[in-house]
Amino acid sequence: MNYIVGDIGNTATKICLLNHKFIIIKSIIFDTNKIFNRGYFKNIIKKFLNKNSSLKLLFSSVVPKAYKEIKKNLKGSKYKAIEIKSLKIKNIIRINVKKINQLGSDRIVNAIAGKKYKNCLILDFGTATTFDIIKNGVYEGGVIAPGVKLSMMNLSNSTALLPMFTLKKNQNNYGKNTKDALNAGFIWGYEGLINNIMNKITNKWKMKYKIILTGGYAHFFKKIIKKKTIIDQNITIKGIAKVYKELI
C-alpha cells in the first residue's frame with residue numbers, strides 16, 4: 001500500500017508519496033496559488049496515484065481555501081482528502097495551549113515528528129519564522145516572528161527606492177550601497193532575532209534541546225546560529241506520516 005500526504009502552506013505546497021513503511025519515495029513542491037488554476041491539482045495528483053494507493057489523502061493545511069479547493073478537485077472520485085485537525089491528535093501528542101484551533105496544522109505535525117527527541121525546539125523558516133517547543137514530549141507553545149522572504153518583499157513593495165534583493169551569506173561590514181545595507185540589516189537582524197529567541201527559550205527551563213531547522217532559509221542561517229542544530233526539510237511530512245500511521 002502507498003499513501004499520499006501533503007503540507008499546504010501559505011507560499012508553497014508539498015505533496016509526497018509514502019511507501020508501506022511510511023517512508024517518502026516521491027515528492028513535489030509547487031506554489032500554493034497554483035491549486036486554484038483549473039486542472040493543475042488533478043494533473044499533479046495523477047502522478048502519485050496508482051492501483052496501490054490508499055483512498056485517503058492526508059493533509060496539514062494553513063490555507064483553508066486551498067484545502068477546500070483540493071477537496072473540490074477530488075469530489076466525485078473514490079479518493080477522500082482529510083485534514084489532520086479533523087482527527088484525534090490528542091491521542092498522539094499532548095498540546096499544552098489554550099486554543100488548539102488557533103495552532104497551525106504544520107506546527108502540530110512538526111511537534112509530532114519532533115516528539116521522539118523528548119525535548120526539542122523546531123525553527124521553521126516559512127512564510128513566518130516559527131519556533132515551537134516540545135518539552136518532555138509535550139507541545140508547550142512557541143514564538144511567531146516575521147518570515148525572512150516576506151519581510152524582504154514587504155519592505156521592497158512598501159518603499160519607492162528600496163529594491164528586492166537576494167541575501168548574500170558574507171556580510172562582514174555595514175553597507176556602502178543600498179543592497180549591501182539591506183543585506184546587513186536582514187542578516188544581522190535575523191541573527192540577533194534567532195539567537196535571542198533561542199536563548200530566551202532554552203534559558204527558561206535550563207535543559208538541553210534538540211534544535212531542528214526546516215524551511216527555505218534553514219541552510220542559509222544554520223551557520224549564524226550559535227547553538228548546535230540539525231536540518232530536516234521533511235519534518236512536517238514525517239509528522240503527517242505519523243498521524244496517518246496511527247490515526248487512519
# chains A, B, ... in the order shown; residues from 1 in each chain; ligands from 1
>>> residues_around(residues="stretch 226-228 of chain A", least_positions_apart="5", cutoff="10 Å", atoms="only C-alpha atoms", output="ChimeraX atom specification")
/A:191,194-195,198-199,209-212
>>> residues_around(residues="A:Asn170", least_positions_apart="6", cutoff="12 Å", atoms="only C-alpha atoms", output="PDB file with N, CA and C atoms, in the first residue's frame")
ATOM      1  N   ASP A 180      23.849  46.280  -0.144  1.00  0.00           N
ATOM      2  CA  ASP A 180      24.684  45.780   0.951  1.00  0.00           C
ATOM      3  C   ASP A 180      24.138  46.217   2.307  1.00  0.00           C
ATOM      4  N   ASN A 183      21.276  43.937   2.945  1.00  0.00           N
ATOM      5  CA  ASN A 183      21.797  42.614   3.283  1.00  0.00           C
ATOM      6  C   ASN A 183      22.266  42.574   4.737  1.00  0.00           C
ATOM      7  N   ALA A 184      22.982  43.610   5.137  1.00  0.00           N
ATOM      8  CA  ALA A 184      23.463  43.690   6.523  1.00  0.00           C
ATOM      9  C   ALA A 184      22.286  43.744   7.497  1.00  0.00           C
ATOM     10  N   ILE A 187      20.581  40.121   7.528  1.00  0.00           N
ATOM     11  CA  ILE A 187      21.403  39.054   8.112  1.00  0.00           C
ATOM     12  C   ILE A 187      21.678  39.329   9.581  1.00  0.00           C
ATOM     13  N   TRP A 188      22.138  40.518   9.901  1.00  0.00           N
ATOM     14  CA  TRP A 188      22.424  40.842  11.296  1.00  0.00           C
ATOM     15  C   TRP A 188      21.148  40.901  12.117  1.00  0.00           C
ATOM     16  N   PHE A 220      20.774  28.511   5.009  1.00  0.00           N
ATOM     17  CA  PHE A 220      21.387  29.840   4.985  1.00  0.00           C
ATOM     18  C   PHE A 220      21.739  30.308   6.394  1.00  0.00           C
ATOM     19  N   PHE A 221      20.799  30.144   7.342  1.00  0.00           N
ATOM     20  CA  PHE A 221      21.012  30.689   8.678  1.00  0.00           C
ATOM     21  C   PHE A 221      21.655  29.713   9.657  1.00  0.00           C
ATOM     22  N   LYS A 223      24.609  28.585   9.855  1.00  0.00           N
ATOM     23  CA  LYS A 223      25.959  28.987  10.260  1.00  0.00           C
ATOM     24  C   LYS A 223      25.977  30.156  11.240  1.00  0.00           C
ATOM     25  N   ILE A 224      24.917  30.940  11.284  1.00  0.00           N
ATOM     26  CA  ILE A 224      24.930  32.092  12.199  1.00  0.00           C
ATOM     27  C   ILE A 224      24.240  31.773  13.531  1.00  0.00           C
TER      28      ILE A 224
END
>>> atom_distance(atom1="atom CA of A:Val97", atom2="atom CA of A:Tyr190")
26.6 Å
>>> closest_residue(among="A:Asp124, A:Glu140, A:Asp132, A:Asp232", to="A:Gly215", atoms="only C-alpha atoms")
A:Asp124
>>> residues_around(residues="A:Gly39", least_positions_apart="5", cutoff="12 Å", atoms="only C-alpha atoms", output="PyMOL selection string")
chain A and resi 34+44-46+69-70+72-74
>>> write_last_selection(atoms="N, CA and C atoms", output="PDB file, in the first residue's frame")
ATOM      1  N   LYS A  34      -1.179  27.893  -7.242  1.00  0.00           N
ATOM      2  CA  LYS A  34      -1.452  27.112  -8.453  1.00  0.00           C
ATOM      3  C   LYS A  34      -2.594  26.110  -8.242  1.00  0.00           C
ATOM      4  N   ILE A  44      -1.322  17.130 -11.049  1.00  0.00           N
ATOM      5  CA  ILE A  44      -0.278  16.793 -10.072  1.00  0.00           C
ATOM      6  C   ILE A  44      -0.583  15.459  -9.399  1.00  0.00           C
ATOM      7  N   ILE A  45      -1.813  15.300  -8.933  1.00  0.00           N
ATOM      8  CA  ILE A  45      -2.145  14.116  -8.143  1.00  0.00           C
ATOM      9  C   ILE A  45      -2.131  12.844  -8.986  1.00  0.00           C
ATOM     10  N   LYS A  46      -2.384  12.970 -10.283  1.00  0.00           N
ATOM     11  CA  LYS A  46      -2.332  11.803 -11.172  1.00  0.00           C
ATOM     12  C   LYS A  46      -0.946  11.157 -11.171  1.00  0.00           C
ATOM     13  N   GLU A  69     -10.358  23.729  -2.050  1.00  0.00           N
ATOM     14  CA  GLU A  69     -10.240  23.547  -3.498  1.00  0.00           C
ATOM     15  C   GLU A  69      -9.762  22.128  -3.824  1.00  0.00           C
ATOM     16  N   ILE A  70      -8.864  21.593  -2.998  1.00  0.00           N
ATOM     17  CA  ILE A  70      -8.394  20.219  -3.199  1.00  0.00           C
ATOM     18  C   ILE A  70      -9.543  19.233  -2.999  1.00  0.00           C
ATOM     19  N   LYS A  72     -12.608  19.846  -3.460  1.00  0.00           N
ATOM     20  CA  LYS A  72     -13.467  20.041  -4.624  1.00  0.00           C
ATOM     21  C   LYS A  72     -12.936  19.255  -5.825  1.00  0.00           C
ATOM     22  N   ASN A  73     -11.612  19.252  -5.995  1.00  0.00           N
ATOM     23  CA  ASN A  73     -10.992  18.532  -7.106  1.00  0.00           C
ATOM     24  C   ASN A  73     -11.167  17.019  -6.987  1.00  0.00           C
ATOM     25  N   LEU A  74     -11.282  16.534  -5.752  1.00  0.00           N
ATOM     26  CA  LEU A  74     -11.420  15.092  -5.522  1.00  0.00           C
ATOM     27  C   LEU A  74     -12.874  14.636  -5.484  1.00  0.00           C
TER      28      LEU A  74
END
>>> atom_distance(atom1="atom CA of A:Leu182", atom2="atom CA of A:Leu162")
8.5 Å
>>> closest_residue(among="A:Val62, A:Cys120, A:Met153, A:Met164", to="A:Asn101", atoms="only C-alpha atoms")
A:Val62
>>> residues_around(residues="A:Gly239", least_positions_apart="4", cutoff="6 Å", atoms="only C-alpha atoms", output="list in words")
Val109, Asn110, Ile112 and Ala113 of chain A
>>> write_last_selection(atoms="C-alpha atoms", output="PDB file, in the first residue's frame")
ATOM      1  CA  VAL A 109       2.766  17.889  12.858  1.00  0.00           C
ATOM      2  CA  ASN A 110       6.247  19.376  13.304  1.00  0.00           C
ATOM      3  CA  ILE A 112       4.572  15.280  16.494  1.00  0.00           C
ATOM      4  CA  ALA A 113       7.662  14.476  14.430  1.00  0.00           C
TER       5      ALA A 113
END
>>> decode(residues="stretch 110-226 of chain A", atoms="C-alpha atoms", output="PDB file, in the first residue's frame")
ATOM      1  CA  ASN A 110       6.247  19.376  13.304  1.00  0.00           C
ATOM      2  CA  ALA A 111       5.819  18.836  17.035  1.00  0.00           C
ATOM      3  CA  ILE A 112       4.572  15.280  16.494  1.00  0.00           C
ATOM      4  CA  ALA A 113       7.662  14.476  14.430  1.00  0.00           C
ATOM      5  CA  GLY A 114       9.955  16.180  16.955  1.00  0.00           C
ATOM      6  CA  LYS A 115       8.391  14.444  19.961  1.00  0.00           C
ATOM      7  CA  LYS A 116      10.797  11.493  19.603  1.00  0.00           C
ATOM      8  CA  TYR A 117      13.604  13.745  20.866  1.00  0.00           C
ATOM      9  CA  LYS A 118      11.615  14.423  24.094  1.00  0.00           C
ATOM     10  CA  ASN A 119      12.995  17.975  24.422  1.00  0.00           C
ATOM     11  CA  CYS A 120      13.027  19.704  21.081  1.00  0.00           C
ATOM     12  CA  LEU A 121      12.995  23.186  19.551  1.00  0.00           C
ATOM     13  CA  ILE A 122      11.864  23.397  15.924  1.00  0.00           C
ATOM     14  CA  LEU A 123      12.701  26.513  13.937  1.00  0.00           C
ATOM     15  CA  ASP A 124      10.734  26.719  10.683  1.00  0.00           C
ATOM     16  CA  PHE A 125      11.751  29.326   8.091  1.00  0.00           C
ATOM     17  CA  GLY A 126       8.417  29.544   6.295  1.00  0.00           C
ATOM     18  CA  THR A 127       6.174  32.448   5.342  1.00  0.00           C
ATOM     19  CA  ALA A 128       6.516  33.232   9.052  1.00  0.00           C
ATOM     20  CA  THR A 129       9.550  32.279  11.134  1.00  0.00           C
ATOM     21  CA  THR A 130       8.221  29.992  13.866  1.00  0.00           C
ATOM     22  CA  PHE A 131       9.790  28.484  16.973  1.00  0.00           C
ATOM     23  CA  ASP A 132       7.981  25.516  18.553  1.00  0.00           C
ATOM     24  CA  ILE A 133       8.882  23.945  21.882  1.00  0.00           C
ATOM     25  CA  ILE A 134       8.419  20.290  22.835  1.00  0.00           C
ATOM     26  CA  LYS A 135       9.276  19.690  26.491  1.00  0.00           C
ATOM     27  CA  ASN A 136       9.182  16.152  27.910  1.00  0.00           C
ATOM     28  CA  GLY A 137       7.199  15.084  24.845  1.00  0.00           C
ATOM     29  CA  VAL A 138       4.541  17.785  25.357  1.00  0.00           C
ATOM     30  CA  TYR A 139       3.944  20.653  22.953  1.00  0.00           C
ATOM     31  CA  GLU A 140       4.342  23.757  25.118  1.00  0.00           C
ATOM     32  CA  GLY A 141       3.754  26.581  22.638  1.00  0.00           C
ATOM     33  CA  GLY A 142       6.031  28.742  20.591  1.00  0.00           C
ATOM     34  CA  VAL A 143       7.016  32.035  19.036  1.00  0.00           C
ATOM     35  CA  ILE A 144       5.983  33.547  15.695  1.00  0.00           C
ATOM     36  CA  ALA A 145       8.234  36.134  14.045  1.00  0.00           C
ATOM     37  CA  PRO A 146       8.140  37.713  10.570  1.00  0.00           C
ATOM     38  CA  GLY A 147       9.255  35.478   7.723  1.00  0.00           C
ATOM     39  CA  VAL A 148      12.524  36.386   6.012  1.00  0.00           C
ATOM     40  CA  LYS A 149      11.358  36.474   2.393  1.00  0.00           C
ATOM     41  CA  LEU A 150       8.006  38.055   3.249  1.00  0.00           C
ATOM     42  CA  SER A 151       9.778  40.824   5.175  1.00  0.00           C
ATOM     43  CA  MET A 152      12.075  41.462   2.211  1.00  0.00           C
ATOM     44  CA  MET A 153       9.124  41.624  -0.188  1.00  0.00           C
ATOM     45  CA  ASN A 154       7.067  43.888   2.087  1.00  0.00           C
ATOM     46  CA  LEU A 155       9.948  46.319   2.506  1.00  0.00           C
ATOM     47  CA  SER A 156      10.531  46.480  -1.240  1.00  0.00           C
ATOM     48  CA  ASN A 157       6.819  46.798  -2.072  1.00  0.00           C
ATOM     49  CA  SER A 158       6.227  49.474   0.558  1.00  0.00           C
ATOM     50  CA  THR A 159       9.065  51.768  -0.489  1.00  0.00           C
ATOM     51  CA  ALA A 160       9.755  53.680  -3.675  1.00  0.00           C
ATOM     52  CA  LEU A 161      13.532  53.289  -3.784  1.00  0.00           C
ATOM     53  CA  LEU A 162      14.438  50.094  -1.914  1.00  0.00           C
ATOM     54  CA  PRO A 163      14.834  47.171  -4.351  1.00  0.00           C
ATOM     55  CA  MET A 164      14.095  43.498  -3.935  1.00  0.00           C
ATOM     56  CA  PHE A 165      17.354  41.622  -3.453  1.00  0.00           C
ATOM     57  CA  THR A 166      18.861  38.203  -2.782  1.00  0.00           C
ATOM     58  CA  LEU A 167      20.560  37.583   0.566  1.00  0.00           C
ATOM     59  CA  LYS A 168      24.322  37.036   0.420  1.00  0.00           C
ATOM     60  CA  LYS A 169      25.967  34.979   3.154  1.00  0.00           C
ATOM     61  CA  ASN A 170      29.139  37.033   3.583  1.00  0.00           C
ATOM     62  CA  GLN A 171      28.388  40.281   5.387  1.00  0.00           C
ATOM     63  CA  ASN A 172      31.366  41.444   7.431  1.00  0.00           C
ATOM     64  CA  ASN A 173      30.642  45.155   7.428  1.00  0.00           C
ATOM     65  CA  TYR A 174      27.815  47.653   7.112  1.00  0.00           C
ATOM     66  CA  GLY A 175      26.753  48.553   3.607  1.00  0.00           C
ATOM     67  CA  LYS A 176      28.356  51.078   1.298  1.00  0.00           C
ATOM     68  CA  ASN A 177      25.415  50.832  -1.107  1.00  0.00           C
ATOM     69  CA  THR A 178      21.704  50.145  -0.786  1.00  0.00           C
ATOM     70  CA  LYS A 179      21.762  46.401  -1.431  1.00  0.00           C
ATOM     71  CA  ASP A 180      24.684  45.780   0.951  1.00  0.00           C
ATOM     72  CA  ALA A 181      22.954  47.890   3.592  1.00  0.00           C
ATOM     73  CA  LEU A 182      19.779  45.829   3.168  1.00  0.00           C
ATOM     74  CA  ASN A 183      21.797  42.614   3.283  1.00  0.00           C
ATOM     75  CA  ALA A 184      23.463  43.690   6.523  1.00  0.00           C
ATOM     76  CA  GLY A 185      20.139  44.664   8.046  1.00  0.00           C
ATOM     77  CA  PHE A 186      18.486  41.350   7.279  1.00  0.00           C
ATOM     78  CA  ILE A 187      21.403  39.054   8.112  1.00  0.00           C
ATOM     79  CA  TRP A 188      22.424  40.842  11.296  1.00  0.00           C
ATOM     80  CA  GLY A 189      18.804  41.488  12.234  1.00  0.00           C
ATOM     81  CA  TYR A 190      17.737  37.861  11.894  1.00  0.00           C
ATOM     82  CA  GLU A 191      20.954  36.674  13.519  1.00  0.00           C
ATOM     83  CA  GLY A 192      20.026  38.694  16.588  1.00  0.00           C
ATOM     84  CA  LEU A 193      16.348  37.721  16.428  1.00  0.00           C
ATOM     85  CA  ILE A 194      17.002  33.983  16.089  1.00  0.00           C
ATOM     86  CA  ASN A 195      19.738  33.696  18.712  1.00  0.00           C
ATOM     87  CA  ASN A 196      17.898  35.921  21.189  1.00  0.00           C
ATOM     88  CA  ILE A 197      14.642  33.957  20.931  1.00  0.00           C
ATOM     89  CA  MET A 198      16.508  30.650  21.221  1.00  0.00           C
ATOM     90  CA  ASN A 199      18.358  31.872  24.315  1.00  0.00           C
ATOM     91  CA  LYS A 200      15.155  33.030  25.981  1.00  0.00           C
ATOM     92  CA  ILE A 201      13.507  29.657  25.319  1.00  0.00           C
ATOM     93  CA  THR A 202      16.422  27.422  26.338  1.00  0.00           C
ATOM     94  CA  ASN A 203      17.443  29.508  29.372  1.00  0.00           C
ATOM     95  CA  LYS A 204      13.903  29.447  30.770  1.00  0.00           C
ATOM     96  CA  TRP A 205      13.992  25.700  31.552  1.00  0.00           C
ATOM     97  CA  LYS A 206      17.760  25.158  31.784  1.00  0.00           C
ATOM     98  CA  MET A 207      17.659  21.969  29.749  1.00  0.00           C
ATOM     99  CA  LYS A 208      19.193  20.646  26.548  1.00  0.00           C
ATOM    100  CA  TYR A 209      17.053  20.795  23.433  1.00  0.00           C
ATOM    101  CA  LYS A 210      17.475  19.087  20.108  1.00  0.00           C
ATOM    102  CA  ILE A 211      17.287  22.066  17.751  1.00  0.00           C
ATOM    103  CA  ILE A 212      15.856  21.298  14.309  1.00  0.00           C
ATOM    104  CA  LEU A 213      15.826  23.746  11.414  1.00  0.00           C
ATOM    105  CA  THR A 214      13.486  23.434   8.465  1.00  0.00           C
ATOM    106  CA  GLY A 215      12.105  25.620   5.689  1.00  0.00           C
ATOM    107  CA  GLY A 216      13.568  27.724   2.903  1.00  0.00           C
ATOM    108  CA  TYR A 217      16.320  29.546   4.811  1.00  0.00           C
ATOM    109  CA  ALA A 218      17.387  26.676   7.096  1.00  0.00           C
ATOM    110  CA  HIS A 219      20.743  26.113   5.374  1.00  0.00           C
ATOM    111  CA  PHE A 220      21.387  29.840   4.985  1.00  0.00           C
ATOM    112  CA  PHE A 221      21.012  30.689   8.678  1.00  0.00           C
ATOM    113  CA  LYS A 222      22.451  27.493  10.165  1.00  0.00           C
ATOM    114  CA  LYS A 223      25.959  28.987  10.260  1.00  0.00           C
ATOM    115  CA  ILE A 224      24.930  32.092  12.199  1.00  0.00           C
ATOM    116  CA  ILE A 225      23.033  30.167  14.885  1.00  0.00           C
ATOM    117  CA  LYS A 226      25.284  29.835  17.912  1.00  0.00           C
TER     118      LYS A 226
END
